[in-house]
$ cat entry_0.cif   # mmCIF, C-alpha atoms and all ligand atoms
data_my_file
#
loop_
_atom_site.label_atom_id
_atom_site.label_comp_id
_atom_site.auth_asym_id
_atom_site.auth_seq_id
_atom_site.Cartn_x
_atom_site.Cartn_y
_atom_site.Cartn_z
CA MET U 474 2.41 14.73 -15.60
CA ASN U 475 5.05 12.21 -16.65
CA VAL U 476 7.58 12.10 -13.86
CA ILE U 477 10.61 10.02 -12.90
CA LEU U 478 11.51 9.60 -9.22
CA MET U 479 15.24 9.03 -8.91
CA GLY U 480 17.61 8.37 -6.04
CA PRO U 481 19.68 5.58 -4.52
CA PRO U 482 18.09 2.52 -2.90
CA GLY U 483 16.50 3.52 0.41
CA ALA U 484 16.24 7.23 -0.49
CA GLY U 485 12.48 7.23 0.02
CA LYS U 486 11.19 6.93 -3.56
CA GLY U 487 8.46 4.42 -2.69
CA THR U 488 7.45 6.40 0.40
CA GLN U 489 7.09 9.63 -1.60
CA ALA U 490 5.35 7.82 -4.45
CA GLU U 491 2.57 6.84 -2.04
CA PHE U 492 1.87 10.53 -1.27
CA ILE U 493 2.12 11.57 -4.91
CA LYS U 494 -0.16 8.90 -6.33
CA ALA U 495 -2.83 9.70 -3.73
CA GLU U 496 -2.69 13.42 -4.39
CA TYR U 497 -2.24 13.51 -8.17
CA SER U 498 -4.06 10.28 -9.16
CA VAL U 499 -1.27 8.96 -11.34
CA PRO U 500 -0.18 5.31 -11.44
CA HIS U 501 2.97 4.48 -9.50
CA ILE U 502 5.17 2.30 -11.69
CA SER U 503 7.92 0.69 -9.65
CA THR U 504 10.07 -1.77 -11.57
CA GLY U 505 11.28 -3.20 -8.23
CA ASP U 506 7.65 -3.92 -7.22
CA MET U 507 6.93 -5.42 -10.65
CA PHE U 508 9.92 -7.75 -10.35
CA ARG U 509 9.01 -8.72 -6.77
CA ASP U 510 5.45 -9.57 -7.91
CA ALA U 511 6.86 -11.68 -10.74
CA VAL U 512 9.14 -13.50 -8.28
CA LYS U 513 6.21 -14.09 -5.89
CA ASN U 514 4.08 -15.46 -8.73
CA GLY U 515 6.90 -17.69 -9.95
CA THR U 516 6.68 -16.49 -13.56
CA PRO U 517 9.57 -17.25 -15.95
CA MET U 518 10.51 -13.53 -15.88
CA GLY U 519 10.42 -13.59 -12.07
CA LYS U 520 12.75 -16.59 -11.99
CA GLU U 521 15.16 -14.81 -14.31
CA ALA U 522 14.99 -11.51 -12.35
CA GLN U 523 15.51 -13.21 -8.98
CA LYS U 524 19.01 -14.33 -10.00
CA TYR U 525 20.08 -10.69 -10.29
CA MET U 526 17.99 -9.23 -7.45
CA SER U 527 19.34 -11.66 -4.86
CA GLU U 528 22.86 -10.36 -5.57
CA GLY U 529 21.85 -6.70 -5.74
CA LYS U 530 22.62 -6.55 -9.46
CA LEU U 531 20.47 -4.95 -12.12
CA VAL U 532 18.11 -7.13 -14.12
CA PRO U 533 19.27 -7.00 -17.77
CA ASP U 534 18.16 -3.90 -19.67
CA GLN U 535 16.31 -5.86 -22.35
CA VAL U 536 13.98 -7.49 -19.79
CA THR U 537 13.44 -4.29 -17.81
CA ILE U 538 12.79 -2.08 -20.83
CA GLY U 539 10.28 -4.60 -22.15
CA ILE U 540 8.11 -4.58 -19.01
CA VAL U 541 8.15 -0.78 -18.74
CA GLU U 542 7.26 -0.32 -22.40
CA ASP U 543 4.23 -2.61 -21.98
CA ARG U 544 3.18 -0.88 -18.77
CA LEU U 545 3.39 2.65 -20.21
CA ALA U 546 1.17 1.66 -23.11
CA GLN U 547 -1.69 0.77 -20.73
CA ASP U 548 -4.79 3.00 -20.46
CA ASP U 549 -4.17 4.21 -16.91
CA CYS U 550 -0.90 5.87 -18.01
CA GLN U 551 -2.55 8.07 -20.61
CA LEU U 552 -2.94 11.08 -18.27
CA GLY U 553 0.43 10.67 -16.61
CA PHE U 554 2.61 8.33 -14.59
CA LEU U 555 5.22 8.23 -11.89
CA LEU U 556 8.22 6.03 -12.63
CA ASP U 557 10.12 4.75 -9.57
CA GLY U 558 13.38 2.85 -9.99
CA PHE U 559 13.42 3.20 -13.78
CA PRO U 560 15.52 4.16 -15.67
CA ARG U 561 18.63 2.89 -13.89
CA THR U 562 21.10 2.83 -16.80
CA ILE U 563 21.81 5.14 -19.71
CA ILE U 564 20.55 2.43 -22.07
CA GLN U 565 17.24 2.36 -20.17
CA ALA U 566 17.00 6.17 -20.27
CA GLU U 567 17.57 6.21 -24.03
CA ALA U 568 15.00 3.45 -24.49
CA LEU U 569 12.52 5.46 -22.40
CA ASP U 570 13.07 8.47 -24.68
CA GLY U 571 12.29 6.22 -27.65
CA VAL U 572 9.10 4.90 -26.01
CA MET U 573 7.98 8.45 -25.19
CA ASP U 574 8.56 9.56 -28.78
CA LYS U 575 6.55 6.61 -30.02
CA LEU U 576 3.69 7.47 -27.66
CA GLY U 577 3.90 11.19 -28.53
CA LYS U 578 4.71 12.15 -24.95
CA LYS U 579 7.57 13.69 -23.01
CA ILE U 580 9.09 13.40 -19.54
CA ASP U 581 8.26 16.53 -17.50
CA ALA U 582 10.74 16.10 -14.65
CA ALA U 583 13.29 13.75 -13.11
CA ILE U 584 13.14 14.33 -9.35
CA ASN U 585 16.30 13.18 -7.59
CA ILE U 586 16.01 12.42 -3.86
CA SER U 587 19.50 12.52 -2.35
CA VAL U 588 20.49 10.98 0.98
CA PRO U 589 23.99 10.25 2.40
CA ASP U 590 25.17 6.63 2.09
CA SER U 591 25.34 5.94 5.85
CA ILE U 592 21.67 6.94 6.22
CA LEU U 593 20.68 4.81 3.22
CA ILE U 594 22.16 1.72 4.88
CA GLU U 595 20.24 2.52 8.09
CA ARG U 596 17.01 2.98 6.11
CA MET U 597 17.39 -0.27 4.18
CA SER U 598 18.37 -2.31 7.24
CA GLY U 599 15.23 -1.20 9.12
CA ARG U 600 12.77 -1.42 6.22
CA VAL U 601 9.90 -3.89 6.52
CA SER U 602 6.80 -4.18 4.37
CA CYS U 603 3.43 -5.87 4.55
CA LYS U 604 3.30 -9.23 2.82
CA GLU U 605 -0.35 -8.61 1.89
CA CYS U 606 -0.73 -4.92 0.91
CA GLY U 607 2.92 -3.83 0.46
CA LYS U 608 2.77 -0.88 2.89
CA VAL U 609 6.32 0.09 3.87
CA TYR U 610 7.46 0.78 7.46
CA HIS U 611 10.76 1.44 9.18
CA LEU U 612 11.39 -0.40 12.45
CA ILE U 613 12.81 2.75 14.09
CA PHE U 614 11.54 5.76 12.10
CA THR U 615 7.97 4.68 11.26
CA PRO U 616 7.22 1.51 13.22
CA PRO U 617 3.81 -0.21 13.03
CA ALA U 618 1.47 0.23 16.03
CA GLN U 619 1.72 -3.51 16.76
CA SER U 620 5.04 -5.27 16.24
CA GLY U 621 5.19 -7.43 13.08
CA LYS U 622 1.64 -6.47 11.95
CA CYS U 623 0.47 -4.05 9.27
CA ASP U 624 -1.58 -1.10 10.63
CA LYS U 625 -3.68 -1.06 7.47
CA CYS U 626 -4.59 -4.72 6.92
CA SER U 627 -3.02 -6.69 9.83
CA GLY U 628 -0.84 -8.55 7.31
CA GLU U 629 2.54 -9.96 8.33
CA LEU U 630 5.50 -7.56 8.04
CA ILE U 631 8.56 -8.97 6.32
CA GLN U 632 12.07 -7.77 5.50
CA ARG U 633 13.14 -7.73 1.84
CA SER U 634 15.82 -10.36 1.30
CA ASP U 635 17.94 -7.84 -0.65
CA ASP U 636 17.96 -5.43 2.32
CA ASN U 637 20.58 -7.54 4.15
CA ALA U 638 23.84 -5.67 4.81
CA GLU U 639 25.90 -7.30 2.03
CA THR U 640 23.31 -7.02 -0.76
CA ALA U 641 22.33 -3.49 0.29
CA ALA U 642 26.00 -2.44 0.01
CA ASN U 643 26.18 -4.06 -3.46
CA ARG U 644 23.06 -2.18 -4.53
CA LEU U 645 24.57 1.12 -3.43
CA GLN U 646 27.70 0.41 -5.45
CA VAL U 647 25.61 -0.53 -8.48
CA TYR U 648 23.76 2.77 -8.06
CA ILE U 649 27.03 4.72 -8.01
CA ASP U 650 28.49 2.89 -11.02
CA GLN U 651 25.48 2.46 -13.28
CA THR U 652 22.68 4.80 -12.21
CA SER U 653 24.30 8.01 -10.96
CA PRO U 654 25.44 8.96 -14.53
CA LEU U 655 21.75 9.52 -15.23
CA LEU U 656 21.84 12.65 -13.10
CA ASP U 657 23.96 14.34 -15.78
CA TYR U 658 21.77 12.83 -18.49
CA TYR U 659 18.65 14.55 -17.11
CA GLU U 660 20.51 17.69 -16.04
CA ASN U 661 21.63 18.13 -19.65
CA LYS U 662 18.01 17.90 -20.77
CA GLY U 663 16.99 20.54 -18.21
CA LEU U 664 14.74 18.06 -16.41
CA LEU U 665 16.63 17.33 -13.18
CA LYS U 666 15.14 18.60 -9.90
CA ASN U 667 17.12 17.89 -6.74
CA VAL U 668 15.46 17.33 -3.38
CA ASP U 669 17.23 16.87 -0.04
CA GLY U 670 15.89 13.51 1.15
CA ASN U 671 17.68 13.57 4.49
CA ARG U 672 14.73 15.11 6.32
CA ASP U 673 11.40 13.86 7.59
CA SER U 674 9.11 12.48 4.87
CA LYS U 675 6.63 15.36 5.16
CA SER U 676 9.30 18.01 4.41
CA VAL U 677 10.61 15.95 1.49
CA GLY U 678 7.04 15.53 0.23
CA ALA U 679 6.37 19.29 0.48
CA ASP U 680 9.38 20.03 -1.77
CA ILE U 681 8.25 17.42 -4.28
CA GLU U 682 4.73 18.84 -4.24
CA SER U 683 5.98 22.32 -5.06
CA ILE U 684 8.04 20.93 -7.96
CA LEU U 685 5.01 19.05 -9.31
CA ASN U 686 2.73 22.06 -8.92
CA GLY U 687 5.21 24.12 -10.94
CA LEU U 688 5.20 21.76 -13.94
P1 LIG W 1 13.23 3.48 -1.86
O1 LIG W 1 11.88 3.23 -2.51
O2 LIG W 1 13.90 4.71 -2.40
O3 LIG W 1 14.15 2.29 -1.88
P2 LIG W 1 11.67 3.56 0.63
O4 LIG W 1 10.62 4.59 0.34
O5 LIG W 1 11.25 2.14 0.63
O6 LIG W 1 12.97 3.81 -0.31
O7 LIG W 1 12.32 3.95 2.04
C1 LIG W 1 13.36 3.16 2.63
C2 LIG W 1 13.13 3.05 4.14
O8 LIG W 1 13.32 4.33 4.73
C3 LIG W 1 11.71 2.61 4.53
O9 LIG W 1 11.78 1.81 5.70
C4 LIG W 1 10.98 3.93 4.81
O10 LIG W 1 9.95 3.76 5.79
C5 LIG W 1 12.13 4.79 5.36
N1 LIG W 1 12.00 6.21 4.97
C6 LIG W 1 11.59 6.73 3.80
N2 LIG W 1 11.66 8.08 3.81
C7 LIG W 1 12.14 8.42 5.03
C8 LIG W 1 12.46 9.67 5.67
N3 LIG W 1 12.31 10.85 5.04
N4 LIG W 1 12.96 9.63 6.94
C9 LIG W 1 13.15 8.45 7.58
N5 LIG W 1 12.86 7.24 7.03
C10 LIG W 1 12.37 7.22 5.78
P1 LIG W 2 14.07 -1.50 -5.96
O1 LIG W 2 12.77 -2.01 -5.40
O2 LIG W 2 13.87 -0.32 -6.85
O3 LIG W 2 15.10 -1.26 -4.88
O4 LIG W 2 14.65 -2.66 -6.90
C1 LIG W 2 14.94 -3.93 -6.39
C2 LIG W 2 15.76 -4.72 -7.40
O5 LIG W 2 14.99 -4.92 -8.60
C3 LIG W 2 17.05 -4.05 -7.87
O6 LIG W 2 18.15 -4.25 -6.98
C4 LIG W 2 17.26 -4.75 -9.23
O7 LIG W 2 17.77 -6.06 -9.06
C5 LIG W 2 15.83 -4.86 -9.75
N1 LIG W 2 15.46 -3.66 -10.53
C6 LIG W 2 14.51 -2.74 -10.21
N2 LIG W 2 14.43 -1.78 -11.15
C7 LIG W 2 15.37 -2.08 -12.07
C8 LIG W 2 15.81 -1.44 -13.27
N3 LIG W 2 15.28 -0.30 -13.71
N4 LIG W 2 16.80 -2.06 -13.98
C9 LIG W 2 17.34 -3.22 -13.57
N5 LIG W 2 17.00 -3.85 -12.43
C10 LIG W 2 16.02 -3.29 -11.69
#

$ encode --input "entry_0.cif" --output "C-alpha cells" --more "lines below"
Ligand code: ADP
Ligand code: AMP
Amino acid sequence: MNVILMGPPGAGKGTQAEFIKAEYSVPHISTGDMFRDAVKNGTPMGKEAQKYMSEGKLVPDQVTIGIVEDRLAQDDCQLGFLLDGFPRTIIQAEALDGVMDKLGKKIDAAINISVPDSILIERMSGRVSCKECGKVYHLIFTPPAQSGKCDKCSGELIQRSDDNAETAANRLQVYIDQTSPLLDYYENKGLLKNVDGNRDSKSVGADIESILNGL
C-alpha cells in the first residue's frame, strides 16, 4: 500500500503513523523527521532547512522533492510506504505523481486527519518527544510515567523549537495557504479519505485501519 497521511500540523499524523507502521510493516517517511535529523547532524541540507523550519515556513520544493524521490527509490519502499507531511504543495504533489509514474507505482489513498485549529494549537504546545528514540508524548493527553523521561528508553524529553506559540501559528497559516489546496487535488483523483481526528487516538486509528483494510 502506498499511502499519504495528510492533515495540519498537530493533527496526529506521526502518532497514527506509529500504529500503521507496526501493523502493516511499511516504512514511515516523514519529511519533518528527515529534516530534523539533517539539522541534528549539521549537514548542509539541514543548515538550509533550519532557516525555514525555525520560522514555520516550508523548505523549498526543490530540496524537499529531492529527498523524497531518493527515499522512495530505496528497497524498503518496494512493497509500500506511508508518507507523512509530504506533499505539502501542489508542486510537490505533481512531482510525486511523476516519481510514481517513473517507478511504475500509484498512490492508493490520501488520508486526511482533520482537527479544529484551537485543538491543534493545544496539541502542538503540549507536544514533547524523546531526544534519543523520537517517541512522541503530550504533556496533558499522553504524559510519560516519569516527568521529562521517555517510558521506552529513559531518554530526555524535549519540546520542538517550532512548537512555540508564534511559529505554530505560522505553520497553521502556511497549511491553510499552501497545503489545504491538496485536499481538492486528491479529491479530484478519487483518493481522498477523511477522518475525524478530534477523538482519542484509538478511535482515529480504528477508522484509518478500516480504510487501509479496504484498499
Ligand atoms: P503531527 O504529526 O500531525 O504534527 P503528532 O502525531 O505529533 O501530530 O501529534 C501532535 C500532539 O498531539 C502530540 O503531542 C500527540 O501526543 C498528541 N496527539 C496526537 N493524536 C492525539 C489525539 N487523538 N488526541 C489527543 N492528543 C493527540
Ligand atoms: P512536520 O514535522 O511535518 O511538522 O514538519 C516540520 C517542518 O519541516 C515544517 O514546518 C517545514 O519547515 C519542514 N517540512 C516538513 N515537510 C515539508 C514539506 N513537505 N515541504 C516543505 N517543508 C517541509

$ residues_near_ligand --input "entry_0.cif" --ligand "ligand LIG 2 (chain W)" --cutoff "6 Å" --atoms "all atoms listed in the file" --output "ChimeraX atom specification"
/U:482,504-506,525-526,529-533,537,558-561,644

$ residues_near_ligand --input "entry_0.cif" --ligand "ligand LIG 1 (chain W)" --cutoff "10 Å" --atoms "all atoms listed in the file" --output "number ranges by chain"
U: 478-491, 503, 505-506, 557-558, 586-588, 592-602, 608-616, 632, 636, 669-678

$ atom_distance --input "entry_0.cif" --atom1 "atom CA of U:Leu569" --atom2 "atom CA of U:Met518"
20.2 Å

$ residues_around --input "entry_0.cif" --residues "U:Ala546" --least-positions-apart "6" --cutoff "10 Å" --atoms "all atoms listed in the file" --output "PyMOL selection string"
chain U and resi 572-573+576

$ closest_residue --input "entry_0.cif" --among "U:Lys604, U:Lys578, U:Lys666, U:Lys494" --to "U:Asn475" --atoms "only C-alpha atoms"
U:Lys578

$ decode --input "entry_0.cif" --residues "stretch 627-647 of chain U" --atoms "N, CA and C atoms" --output "PDB file, in the first residue's frame"
ATOM      1  N   SER U 627      14.133   5.907  28.519  1.00  0.00           N
ATOM      2  CA  SER U 627      14.614   6.813  29.579  1.00  0.00           C
ATOM      3  C   SER U 627      15.335   8.053  29.046  1.00  0.00           C
ATOM      4  N   GLY U 628      15.246   8.264  27.711  1.00  0.00           N
ATOM      5  CA  GLY U 628      15.870   9.457  27.129  1.00  0.00           C
ATOM      6  C   GLY U 628      15.180  10.738  27.612  1.00  0.00           C
ATOM      7  N   GLU U 629      15.890  11.857  27.387  1.00  0.00           N
ATOM      8  CA  GLU U 629      15.336  13.156  27.810  1.00  0.00           C
ATOM      9  C   GLU U 629      14.207  13.584  26.867  1.00  0.00           C
ATOM     10  N   LEU U 630      13.127  14.133  27.427  1.00  0.00           N
ATOM     11  CA  LEU U 630      12.026  14.619  26.586  1.00  0.00           C
ATOM     12  C   LEU U 630      12.223  16.109  26.313  1.00  0.00           C
ATOM     13  N   ILE U 631      12.105  16.472  25.051  1.00  0.00           N
ATOM     14  CA  ILE U 631      12.317  17.867  24.672  1.00  0.00           C
ATOM     15  C   ILE U 631      11.132  18.396  23.851  1.00  0.00           C
ATOM     16  N   GLN U 632      10.973  19.726  23.872  1.00  0.00           N
ATOM     17  CA  GLN U 632       9.922  20.341  23.061  1.00  0.00           C
ATOM     18  C   GLN U 632      10.542  20.766  21.727  1.00  0.00           C
ATOM     19  N   ARG U 633       9.827  20.579  20.635  1.00  0.00           N
ATOM     20  CA  ARG U 633      10.317  21.055  19.334  1.00  0.00           C
ATOM     21  C   ARG U 633      10.342  22.566  19.353  1.00  0.00           C
ATOM     22  N   SER U 634      11.423  23.153  18.822  1.00  0.00           N
ATOM     23  CA  SER U 634      11.525  24.617  18.870  1.00  0.00           C
ATOM     24  C   SER U 634      10.433  25.278  18.019  1.00  0.00           C
ATOM     25  N   ASP U 635       9.936  24.560  16.984  1.00  0.00           N
ATOM     26  CA  ASP U 635       8.894  25.176  16.149  1.00  0.00           C
ATOM     27  C   ASP U 635       7.486  24.952  16.713  1.00  0.00           C
ATOM     28  N   ASP U 636       7.382  24.377  17.915  1.00  0.00           N
ATOM     29  CA  ASP U 636       6.072  24.243  18.561  1.00  0.00           C
ATOM     30  C   ASP U 636       5.781  25.427  19.488  1.00  0.00           C
ATOM     31  N   ASN U 637       6.621  26.458  19.497  1.00  0.00           N
ATOM     32  CA  ASN U 637       6.287  27.654  20.296  1.00  0.00           C
ATOM     33  C   ASN U 637       5.079  28.346  19.650  1.00  0.00           C
ATOM     34  N   ALA U 638       4.365  29.154  20.460  1.00  0.00           N
ATOM     35  CA  ALA U 638       3.062  29.687  20.027  1.00  0.00           C
ATOM     36  C   ALA U 638       3.147  30.421  18.688  1.00  0.00           C
ATOM     37  N   GLU U 639       4.171  31.267  18.520  1.00  0.00           N
ATOM     38  CA  GLU U 639       4.240  32.097  17.306  1.00  0.00           C
ATOM     39  C   GLU U 639       4.505  31.239  16.058  1.00  0.00           C
ATOM     40  N   THR U 640       5.489  30.338  16.160  1.00  0.00           N
ATOM     41  CA  THR U 640       5.837  29.516  14.989  1.00  0.00           C
ATOM     42  C   THR U 640       4.713  28.524  14.674  1.00  0.00           C
ATOM     43  N   ALA U 641       4.074  27.998  15.725  1.00  0.00           N
ATOM     44  CA  ALA U 641       2.964  27.058  15.495  1.00  0.00           C
ATOM     45  C   ALA U 641       1.836  27.767  14.732  1.00  0.00           C
ATOM     46  N   ALA U 642       1.555  29.019  15.105  1.00  0.00           N
ATOM     47  CA  ALA U 642       0.503  29.775  14.409  1.00  0.00           C
ATOM     48  C   ALA U 642       0.911  30.016  12.948  1.00  0.00           C
ATOM     49  N   ASN U 643       2.195  30.311  12.717  1.00  0.00           N
ATOM     50  CA  ASN U 643       2.671  30.488  11.328  1.00  0.00           C
ATOM     51  C   ASN U 643       2.483  29.203  10.532  1.00  0.00           C
ATOM     52  N   ARG U 644       2.794  28.081  11.177  1.00  0.00           N
ATOM     53  CA  ARG U 644       2.697  26.794  10.462  1.00  0.00           C
ATOM     54  C   ARG U 644       1.246  26.491  10.088  1.00  0.00           C
ATOM     55  N   LEU U 645       0.331  26.850  10.979  1.00  0.00           N
ATOM     56  CA  LEU U 645      -1.088  26.641  10.649  1.00  0.00           C
ATOM     57  C   LEU U 645      -1.501  27.480   9.452  1.00  0.00           C
ATOM     58  N   GLN U 646      -1.025  28.729   9.421  1.00  0.00           N
ATOM     59  CA  GLN U 646      -1.367  29.613   8.304  1.00  0.00           C
ATOM     60  C   GLN U 646      -0.765  29.086   6.992  1.00  0.00           C
ATOM     61  N   VAL U 647       0.474  28.605   7.090  1.00  0.00           N
ATOM     62  CA  VAL U 647       1.116  28.029   5.896  1.00  0.00           C
ATOM     63  C   VAL U 647       0.312  26.820   5.408  1.00  0.00           C
TER      64      VAL U 647
END
